[in-house]
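Asker: Handing over my_file09.pdb, PDB, C-alpha atoms.
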```
ATOM      1  CA  MET A 773    -244.303-106.518-127.459  1.00  0.00           C
ATOM      2  CA  GLU A 774    -245.427-108.586-124.533  1.00  0.00           C
ATOM      3  CA  LYS A 775    -243.827-107.981-121.112  1.00  0.00           C
ATOM      4  CA  CYS A 776    -242.091-110.740-119.143  1.00  0.00           C
ATOM      5  CA  TYR A 777    -244.476-112.749-116.954  1.00  0.00           C
ATOM      6  CA  LEU A 778    -241.813-113.050-114.251  1.00  0.00           C
ATOM      7  CA  CYS A 779    -239.953-109.740-113.890  1.00  0.00           C
ATOM      8  CA  GLY A 780    -242.526-107.537-115.659  1.00  0.00           C
ATOM      9  CA  LYS A 781    -239.729-105.302-116.987  1.00  0.00           C
ATOM     10  CA  GLY A 782    -238.314-107.066-120.012  1.00  0.00           C
ATOM     11  CA  ASN A 783    -239.845-107.754-123.387  1.00  0.00           C
ATOM     12  CA  LEU A 784    -240.463-111.303-124.592  1.00  0.00           C
ATOM     13  CA  VAL A 785    -238.571-112.226-127.749  1.00  0.00           C
ATOM     14  CA  LYS A 786    -239.357-115.331-129.808  1.00  0.00           C
ATOM     15  CA  LYS A 787    -236.360-117.585-130.440  1.00  0.00           C
ATOM     16  CA  LYS A 788    -235.146-121.180-130.589  1.00  0.00           C
ATOM     17  CA  VAL A 789    -233.751-122.472-127.297  1.00  0.00           C
ATOM     18  CA  ASP A 790    -231.538-125.516-126.712  1.00  0.00           C
ATOM     19  CA  PHE A 791    -233.396-127.426-123.977  1.00  0.00           C
ATOM     20  CA  LYS A 792    -231.240-129.569-121.680  1.00  0.00           C
ATOM     21  CA  LEU A 793    -232.239-132.019-118.988  1.00  0.00           C
ATOM     22  CA  TYR A 794    -229.698-133.745-116.728  1.00  0.00           C
ATOM     23  CA  GLY A 795    -226.939-132.332-118.942  1.00  0.00           C
ATOM     24  CA  LYS A 796    -228.363-133.900-122.122  1.00  0.00           C
ATOM     25  CA  SER A 797    -229.513-131.692-124.993  1.00  0.00           C
ATOM     26  CA  LEU A 798    -233.025-132.592-126.124  1.00  0.00           C
ATOM     27  CA  GLY A 799    -232.927-130.261-129.135  1.00  0.00           C
ATOM     28  CA  GLU A 800    -233.963-126.732-129.980  1.00  0.00           C
ATOM     29  CA  PHE A 801    -237.515-125.621-129.297  1.00  0.00           C
ATOM     30  CA  ASP A 802    -239.559-122.472-129.956  1.00  0.00           C
ATOM     31  CA  ALA A 803    -239.715-120.246-126.893  1.00  0.00           C
ATOM     32  CA  GLU A 804    -240.132-116.720-125.653  1.00  0.00           C
ATOM     33  CA  ALA A 805    -237.170-115.258-123.766  1.00  0.00           C
ATOM     34  CA  CYS A 806    -237.102-112.162-121.585  1.00  0.00           C
ATOM     35  CA  ASP A 807    -234.507-109.642-122.765  1.00  0.00           C
ATOM     36  CA  LYS A 808    -233.948-108.489-119.139  1.00  0.00           C
ATOM     37  CA  CYS A 809    -234.023-111.494-116.773  1.00  0.00           C
ATOM     38  CA  ASN A 810    -233.348-114.158-119.472  1.00  0.00           C
ATOM     39  CA  GLU A 811    -236.215-116.344-118.238  1.00  0.00           C
ATOM     40  CA  ILE A 812    -237.452-118.797-120.879  1.00  0.00           C
ATOM     41  CA  PHE A 813    -241.138-119.591-121.499  1.00  0.00           C
ATOM     42  CA  PHE A 814    -242.581-122.434-123.577  1.00  0.00           C
ATOM     43  CA  ASP A 815    -246.182-122.661-124.734  1.00  0.00           C
ATOM     44  CA  GLU A 816    -248.256-125.773-123.988  1.00  0.00           C
ATOM     45  CA  LYS A 817    -247.728-127.319-127.434  1.00  0.00           C
ATOM     46  CA  THR A 818    -243.940-126.967-127.138  1.00  0.00           C
ATOM     47  CA  SER A 819    -244.001-128.320-123.573  1.00  0.00           C
ATOM     48  CA  ASP A 820    -245.838-131.389-124.868  1.00  0.00           C
ATOM     49  CA  LYS A 821    -243.132-131.864-127.550  1.00  0.00           C
ATOM     50  CA  ILE A 822    -240.421-131.583-124.896  1.00  0.00           C
ATOM     51  CA  ASP A 823    -242.217-134.144-122.685  1.00  0.00           C
ATOM     52  CA  LYS A 824    -242.403-136.533-125.644  1.00  0.00           C
ATOM     53  CA  VAL A 825    -238.646-136.275-126.265  1.00  0.00           C
ATOM     54  CA  ILE A 826    -237.946-136.740-122.536  1.00  0.00           C
ATOM     55  CA  LYS A 827    -239.975-139.966-122.562  1.00  0.00           C
ATOM     56  CA  GLU A 828    -238.353-141.203-125.803  1.00  0.00           C
ATOM     57  CA  LYS A 829    -234.876-140.667-124.340  1.00  0.00           C
ATOM     58  CA  LYS A 830    -235.937-142.469-121.147  1.00  0.00           C
ATOM     59  CA  LEU A 831    -235.284-139.440-118.949  1.00  0.00           C
ATOM     60  CA  TRP A 832    -238.863-139.308-117.634  1.00  0.00           C
ATOM     61  CA  GLY A 833    -238.985-140.094-113.918  1.00  0.00           C
ATOM     62  CA  LEU A 834    -235.196-140.282-113.587  1.00  0.00           C
ATOM     63  CA  GLU A 835    -235.151-138.093-110.490  1.00  0.00           C
ATOM     64  CA  ALA A 836    -235.399-139.897-107.148  1.00  0.00           C
ATOM     65  CA  ARG A 837    -235.213-139.299-103.416  1.00  0.00           C
ATOM     66  CA  THR A 838    -232.706-141.192-101.345  1.00  0.00           C
ATOM     67  CA  SER A 839    -231.474-141.103 -97.761  1.00  0.00           C
ATOM     68  CA  ILE A 840    -228.023-140.725 -96.318  1.00  0.00           C
ATOM     69  CA  THR A 841    -227.051-143.783 -94.301  1.00  0.00           C
ATOM     70  CA  GLN A 842    -224.016-144.730 -92.263  1.00  0.00           C
ATOM     71  CA  SER A 843    -221.385-147.268 -93.284  1.00  0.00           C
ATOM     72  CA  GLY A 844    -218.707-147.666 -90.600  1.00  0.00           C
ATOM     73  CA  ASN A 845    -217.363-144.199 -89.781  1.00  0.00           C
ATOM     74  CA  SER A 846    -218.520-142.749 -93.141  1.00  0.00           C
ATOM     75  CA  LEU A 847    -221.818-141.613 -94.555  1.00  0.00           C
ATOM     76  CA  ALA A 848    -223.200-143.352 -97.650  1.00  0.00           C
ATOM     77  CA  ILE A 849    -225.774-142.458-100.285  1.00  0.00           C
ATOM     78  CA  ARG A 850    -227.637-145.137-102.206  1.00  0.00           C
ATOM     79  CA  ILE A 851    -227.864-144.497-105.947  1.00  0.00           C
ATOM     80  CA  PRO A 852    -231.178-145.768-107.341  1.00  0.00           C
ATOM     81  CA  LYS A 853    -230.841-148.423-110.058  1.00  0.00           C
ATOM     82  CA  LYS A 854    -232.412-146.289-112.811  1.00  0.00           C
ATOM     83  CA  ILE A 855    -229.945-143.437-112.178  1.00  0.00           C
ATOM     84  CA  ALA A 856    -226.982-145.830-111.928  1.00  0.00           C
ATOM     85  CA  GLU A 857    -227.945-147.342-115.283  1.00  0.00           C
ATOM     86  CA  PHE A 858    -228.336-143.887-116.863  1.00  0.00           C
ATOM     87  CA  LEU A 859    -224.834-142.945-115.644  1.00  0.00           C
ATOM     88  CA  HIS A 860    -223.387-146.395-116.524  1.00  0.00           C
ATOM     89  CA  PHE A 861    -222.357-146.840-112.868  1.00  0.00           C
ATOM     90  CA  LYS A 862    -221.740-150.339-111.593  1.00  0.00           C
ATOM     91  CA  LYS A 863    -219.996-151.818-108.583  1.00  0.00           C
ATOM     92  CA  GLY A 864    -216.370-150.727-108.739  1.00  0.00           C
ATOM     93  CA  THR A 865    -216.918-147.663-110.965  1.00  0.00           C
ATOM     94  CA  GLN A 866    -214.253-145.107-110.070  1.00  0.00           C
ATOM     95  CA  THR A 867    -215.772-141.724-109.241  1.00  0.00           C
ATOM     96  CA  ARG A 868    -214.704-138.307-108.082  1.00  0.00           C
ATOM     97  CA  ILE A 869    -216.928-136.386-105.651  1.00  0.00           C
ATOM     98  CA  HIS A 870    -216.828-132.747-104.623  1.00  0.00           C
ATOM     99  CA  PRO A 871    -219.149-130.176-103.071  1.00  0.00           C
ATOM    100  CA  GLU A 872    -220.597-127.349-105.146  1.00  0.00           C
ATOM    101  CA  GLU A 873    -222.622-124.837-103.141  1.00  0.00           C
ATOM    102  CA  ASN A 874    -225.361-127.002-101.542  1.00  0.00           C
ATOM    103  CA  LYS A 875    -224.859-129.931-103.958  1.00  0.00           C
ATOM    104  CA  LEU A 876    -222.718-133.037-104.052  1.00  0.00           C
ATOM    105  CA  ILE A 877    -221.285-133.704-107.506  1.00  0.00           C
ATOM    106  CA  VAL A 878    -220.446-137.322-108.381  1.00  0.00           C
ATOM    107  CA  GLU A 879    -218.504-137.795-111.618  1.00  0.00           C
ATOM    108  CA  SER A 880    -217.456-141.018-113.283  1.00  0.00           C
ATOM    109  CA  MET A 881    -213.720-141.325-113.852  1.00  0.00           C
ATOM    110  CA  GLU A 882    -214.175-144.243-116.279  1.00  0.00           C
ATOM    111  CA  ASP A 883    -213.959-142.092-119.428  1.00  0.00           C
ATOM    112  CA  ARG A 884    -211.162-139.785-118.255  1.00  0.00           C
ATOM    113  CA  GLU A 885    -207.453-140.110-118.727  1.00  0.00           C
ATOM    114  CA  THR A 886    -205.459-140.708-115.573  1.00  0.00           C
ATOM    115  CA  ILE A 887    -203.094-137.828-114.890  1.00  0.00           C
ATOM    116  CA  LEU A 888    -199.922-138.901-113.104  1.00  0.00           C
TER     117      LEU A 888
END
```
Before anything else, please render the file you have as C-alpha coordinates.

Answerer:
Amino acid sequence: MEKCYLCGKGNLVKKKVDFKLYGKSLGEFDAEACDKCNEIFFDEKTSDKIDKVIKEKKLWGLEARTSITQSGNSLAIRIPKKIAEFLHFKKGTQTRIHPEENKLIVESMEDRETIL
(Lines of atoms letter the chains of each structure in order from A and count residues from 1; the text may use other names and numbers.)
(Lines give C-alpha, C1' and ligand atoms only; values in the text may rest on other atoms or scores of the structure.)
Protein backbone atom coordinates (compact mmCIF):
# COMPACT_ATOMS: atom_id res chain seq x y z
CA MET A 1 0.00 0.00 0.00
CA GLU A 2 1.08 3.52 -0.75
CA LYS A 3 1.78 5.90 2.15
CA CYS A 4 -0.01 9.24 2.55
CA TYR A 5 1.68 12.08 0.65
CA LEU A 6 0.81 14.52 3.45
CA CYS A 7 1.33 12.84 6.83
CA GLY A 8 3.54 9.97 5.62
CA LYS A 9 2.05 7.68 8.30
CA GLY A 10 -1.26 6.47 6.94
CA ASN A 11 -2.03 4.18 4.05
CA LEU A 12 -3.96 5.40 1.02
CA VAL A 13 -7.24 3.59 0.42
CA LYS A 14 -9.21 3.86 -2.83
CA LYS A 15 -12.83 4.91 -2.38
CA LYS A 16 -15.64 7.08 -3.73
CA VAL A 17 -15.82 10.53 -2.15
CA ASP A 18 -18.74 12.98 -2.18
CA PHE A 19 -17.13 16.22 -3.43
CA LYS A 20 -18.76 19.45 -2.24
CA LEU A 21 -18.08 23.03 -3.23
CA TYR A 22 -19.79 26.00 -1.56
CA GLY A 23 -22.07 23.52 0.23
CA LYS A 24 -23.29 21.93 -3.02
CA SER A 25 -22.61 18.26 -3.72
CA LEU A 26 -21.04 17.75 -7.14
CA GLY A 27 -21.27 13.96 -6.97
CA GLU A 28 -19.08 11.06 -5.95
CA PHE A 29 -15.62 10.73 -7.44
CA ASP A 30 -12.81 8.16 -7.25
CA ALA A 31 -10.16 9.17 -4.74
CA GLU A 32 -7.47 7.94 -2.42
CA ALA A 33 -8.02 8.66 1.28
CA CYS A 34 -5.48 8.46 4.09
CA ASP A 35 -6.60 6.10 6.86
CA LYS A 36 -4.77 8.25 9.46
CA CYS A 37 -5.19 11.96 8.63
CA ASN A 38 -8.28 11.53 6.37
CA GLU A 39 -6.76 13.71 3.64
CA ILE A 40 -8.33 13.10 0.22
CA PHE A 41 -6.34 12.92 -3.04
CA PHE A 42 -7.70 12.99 -6.59
CA ASP A 43 -5.72 12.04 -9.69
CA GLU A 44 -5.48 14.45 -12.63
CA LYS A 45 -8.23 12.73 -14.65
CA THR A 46 -10.67 12.93 -11.72
CA SER A 47 -9.70 16.56 -11.05
CA ASP A 48 -10.54 17.36 -14.67
CA LYS A 49 -13.96 15.68 -14.24
CA ILE A 50 -14.59 17.72 -11.09
CA ASP A 51 -13.60 20.95 -12.90
CA LYS A 52 -16.04 20.11 -15.70
CA VAL A 53 -18.92 19.65 -13.23
CA ILE A 54 -17.97 22.89 -11.45
CA LYS A 55 -18.17 24.77 -14.76
CA GLU A 56 -21.46 23.07 -15.75
CA LYS A 57 -23.05 24.06 -12.43
CA LYS A 58 -21.76 27.63 -12.87
CA LEU A 59 -19.68 27.50 -9.70
CA TRP A 60 -16.41 28.28 -11.51
CA GLY A 61 -15.04 31.67 -10.48
CA LEU A 62 -17.74 32.23 -7.86
CA GLU A 63 -15.24 33.31 -5.22
CA ALA A 64 -14.47 37.03 -5.04
CA ARG A 65 -12.61 39.59 -2.97
CA THR A 66 -14.47 42.51 -1.49
CA SER A 67 -13.69 45.33 0.93
CA ILE A 68 -15.35 46.39 4.13
CA THR A 69 -16.72 49.92 3.84
CA GLN A 70 -18.49 52.25 6.22
CA SER A 71 -22.17 53.15 6.09
CA GLY A 72 -23.11 55.63 8.83
CA ASN A 73 -21.92 54.19 12.15
CA SER A 74 -21.86 50.61 10.79
CA LEU A 75 -19.52 48.63 8.60
CA ALA A 76 -20.81 47.22 5.31
CA ILE A 77 -19.68 44.47 2.96
CA ARG A 78 -20.58 44.53 -0.72
CA ILE A 79 -21.78 41.19 -2.09
CA PRO A 80 -20.66 40.72 -5.70
CA LYS A 81 -23.50 40.26 -8.20
CA LYS A 82 -22.51 36.70 -9.18
CA ILE A 83 -22.55 35.55 -5.53
CA ALA A 84 -25.82 37.38 -4.81
CA GLU A 85 -27.42 35.64 -7.79
CA PHE A 86 -26.07 32.24 -6.68
CA LEU A 87 -27.58 32.78 -3.21
CA HIS A 88 -30.81 34.30 -4.63
CA PHE A 89 -30.13 37.49 -2.64
CA LYS A 90 -31.80 40.69 -3.75
CA LYS A 91 -32.47 44.05 -2.15
CA GLY A 92 -34.61 43.43 0.91
CA THR A 93 -33.64 39.76 1.41
CA GLN A 94 -33.86 39.01 5.13
CA THR A 95 -30.63 37.49 6.44
CA ARG A 96 -29.12 36.34 9.69
CA ILE A 97 -25.41 36.94 10.33
CA HIS A 98 -23.14 35.50 12.99
CA PRO A 99 -19.42 35.01 13.58
CA GLU A 100 -17.85 31.56 13.38
CA GLU A 101 -14.18 31.47 14.33
CA ASN A 102 -12.58 33.93 11.86
CA LYS A 103 -15.55 33.88 9.44
CA LEU A 104 -18.75 35.83 9.03
CA ILE A 105 -21.70 33.61 8.15
CA VAL A 106 -24.57 35.21 6.21
CA GLU A 107 -27.70 33.06 5.89
CA SER A 108 -30.88 33.81 3.99
CA MET A 109 -34.01 33.73 6.12
CA GLU A 110 -36.28 33.62 3.05
CA ASP A 111 -36.76 29.83 3.14
CA ARG A 112 -37.07 29.46 6.92
CA GLU A 113 -40.15 29.47 9.07
CA THR A 114 -40.47 32.41 11.42
CA ILE A 115 -40.40 31.28 15.03
CA LEU A 116 -42.45 33.50 17.33

Asker: Pick out the residues sitting within 10 Å of Ala836 of chain A, and hand them over as a short mmCIF file (atom, residue, chain, number, x, y, z; two decimals) with C-alpha atoms, in the frame of the given file; count only C-alpha atoms, and ignore anything fewer than 3 positions along from it in its own chain.

Answerer:
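Result written to selection23.cif:
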```cif
data_model
loop_
_atom_site.label_atom_id
_atom_site.label_comp_id
_atom_site.auth_asym_id
_atom_site.auth_seq_id
_atom_site.Cartn_x
_atom_site.Cartn_y
_atom_site.Cartn_z
CA GLY A 833 -238.98 -140.09 -113.92
CA ILE A 851 -227.86 -144.50 -105.95
CA PRO A 852 -231.18 -145.77 -107.34
CA LYS A 854 -232.41 -146.29 -112.81
CA ILE A 855 -229.94 -143.44 -112.18
#
```

Asker: Choose the residue, out of A:Lys796, A:Lys829, A:Lys808, A:Lys821, that has the smallest atom-to-atom separation from Cys776 of chain A; count all atoms listed in the file.

Answerer: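 Of A:Lys796, A:Lys829, A:Lys808, A:Lys821, the one nearest Cys776 of chain A, counting all atoms listed in the file, is A:Lys808.
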
Asker: For the file shown, report as a ChimeraX atom specification the outcome of the PyMOL selection byres ((chain A and resi 785-791) around 6) at residue level.

Answerer: /A:784,792,797-805

Asker: Quick one: distance from atom CA of Arg868 of chain A to atom CA of Tyr794 of chain A in Å, one decimal?

Answerer: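 Result for atom CA of Arg868 of chain A versus atom CA of Tyr794 of chain A: 17.9 Å, one decimal.
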
Asker: I want to know what sits within 12 Å of Gly782 of chain A, based on only C-alpha atoms, with residues of the same chain fewer than 4 positions away left out; could you give that as a PyMOL selection string?

Answerer: chain A and resi 773-778+804-812

Asker: For the atom pair atom CA of Leu831 of chain A and atom CA of Glu879 of chain A, what is the interatomic distance in Å to one decimal place?

Answerer: 18.4 Å

Asker: Would you compute the distance between atom CA of Leu847 of chain A and atom CA of Gln866 of chain A? Give it in Å to one decimal.

Answerer: 17.6 Å

Asker: With all atoms listed in the file as the atoms that count, which of A:Ser839, A:Ser880, A:Ser819, A:Asn783 lies nearest to Phe861 of chain A?

Answerer: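 Nearest to Phe861 of chain A: A:Ser880.
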
Asker: Would you mind telling me which residue in A:Leu834, A:Thr818, A:Glu873, A:Gly780 lies nearest to Glu857 of chain A when using only C-alpha atoms?

Answerer: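 Using only C-alpha atoms, the shortest distance to Glu857 of chain A belongs to A:Leu834.
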
Asker: Out of A:Cys779, A:Thr841, A:Arg850, A:Phe813, which residue has the shortest atom-to-atom distance to Lys863 of chain A when counting all atoms listed in the file?

Answerer: A:Arg850

Asker: Pick out the closest residue to Asp823 of chain A from this set: A:Leu793, A:Val878, A:Ala848, A:Ile840. Count all atoms listed in the file.

Answerer: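 Under the stated criterion, the closest residue is A:Leu793.
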
Asker: Reconstruct segment 820-844 of chain A at the level of N, CA and C atoms, and format the result as a CSV table (one decimal), in the frame of the given file.

Answerer:
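part_6.csv was written with the following content:
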```csv
chain,number,residue,atom,x,y,z
A,820,ASP,N,-245.4,-130.0,-124.5
A,820,ASP,CA,-245.8,-131.4,-124.9
A,820,ASP,C,-244.8,-132.1,-125.7
A,821,LYS,N,-244.2,-131.3,-126.7
A,821,LYS,CA,-243.1,-131.9,-127.6
A,821,LYS,C,-241.9,-132.2,-126.7
A,822,ILE,N,-241.6,-131.3,-125.8
A,822,ILE,CA,-240.4,-131.6,-124.9
A,822,ILE,C,-240.7,-132.8,-124.1
A,823,ASP,N,-241.9,-133.0,-123.5
A,823,ASP,CA,-242.2,-134.1,-122.7
A,823,ASP,C,-242.1,-135.4,-123.5
A,824,LYS,N,-242.5,-135.4,-124.8
A,824,LYS,CA,-242.4,-136.5,-125.6
A,824,LYS,C,-240.9,-137.0,-125.8
A,825,VAL,N,-240.1,-136.0,-126.1
A,825,VAL,CA,-238.6,-136.3,-126.3
A,825,VAL,C,-238.0,-136.8,-125.0
A,826,ILE,N,-238.4,-136.3,-123.8
A,826,ILE,CA,-237.9,-136.7,-122.5
A,826,ILE,C,-238.3,-138.2,-122.3
A,827,LYS,N,-239.5,-138.6,-122.7
A,827,LYS,CA,-240.0,-140.0,-122.6
A,827,LYS,C,-239.3,-140.9,-123.5
A,828,GLU,N,-239.1,-140.4,-124.8
A,828,GLU,CA,-238.4,-141.2,-125.8
A,828,GLU,C,-236.9,-141.5,-125.4
A,829,LYS,N,-236.3,-140.5,-124.8
A,829,LYS,CA,-234.9,-140.7,-124.3
A,829,LYS,C,-234.8,-141.3,-123.0
A,830,LYS,N,-235.9,-141.8,-122.4
A,830,LYS,CA,-235.9,-142.5,-121.1
A,830,LYS,C,-235.4,-141.6,-120.0
A,831,LEU,N,-235.7,-140.3,-120.0
A,831,LEU,CA,-235.3,-139.4,-118.9
A,831,LEU,C,-236.5,-139.1,-118.0
A,832,TRP,N,-237.7,-139.6,-118.4
A,832,TRP,CA,-238.9,-139.3,-117.6
A,832,TRP,C,-238.8,-140.1,-116.3
A,833,GLY,N,-239.0,-139.4,-115.2
A,833,GLY,CA,-239.0,-140.1,-113.9
A,833,GLY,C,-237.6,-140.5,-113.4
A,834,LEU,N,-236.6,-139.9,-114.0
A,834,LEU,CA,-235.2,-140.3,-113.6
A,834,LEU,C,-234.8,-139.7,-112.2
A,835,GLU,N,-235.4,-138.7,-111.8
A,835,GLU,CA,-235.2,-138.1,-110.5
A,835,GLU,C,-235.7,-139.0,-109.4
A,836,ALA,N,-235.0,-139.0,-108.3
A,836,ALA,CA,-235.4,-139.9,-107.1
A,836,ALA,C,-234.9,-139.3,-105.8
A,837,ARG,N,-235.6,-139.7,-104.8
A,837,ARG,CA,-235.2,-139.3,-103.4
A,837,ARG,C,-234.5,-140.5,-102.8
A,838,THR,N,-233.5,-140.2,-102.0
A,838,THR,CA,-232.7,-141.2,-101.3
A,838,THR,C,-232.3,-140.6,-100.0
A,839,SER,N,-231.9,-141.5,-99.1
A,839,SER,CA,-231.5,-141.1,-97.8
A,839,SER,C,-230.0,-141.3,-97.6
A,840,ILE,N,-229.4,-140.5,-96.7
A,840,ILE,CA,-228.0,-140.7,-96.3
A,840,ILE,C,-228.0,-141.7,-95.2
A,841,THR,N,-227.2,-142.8,-95.3
A,841,THR,CA,-227.1,-143.8,-94.3
A,841,THR,C,-225.6,-143.8,-93.7
A,842,GLN,N,-225.4,-144.6,-92.8
A,842,GLN,CA,-224.0,-144.7,-92.3
A,842,GLN,C,-223.4,-146.1,-92.6
A,843,SER,N,-222.1,-146.1,-93.0
A,843,SER,CA,-221.4,-147.3,-93.3
A,843,SER,C,-220.1,-147.1,-92.6
A,844,GLY,N,-219.9,-147.8,-91.4
A,844,GLY,CA,-218.7,-147.7,-90.6
A,844,GLY,C,-218.7,-146.3,-90.0
```
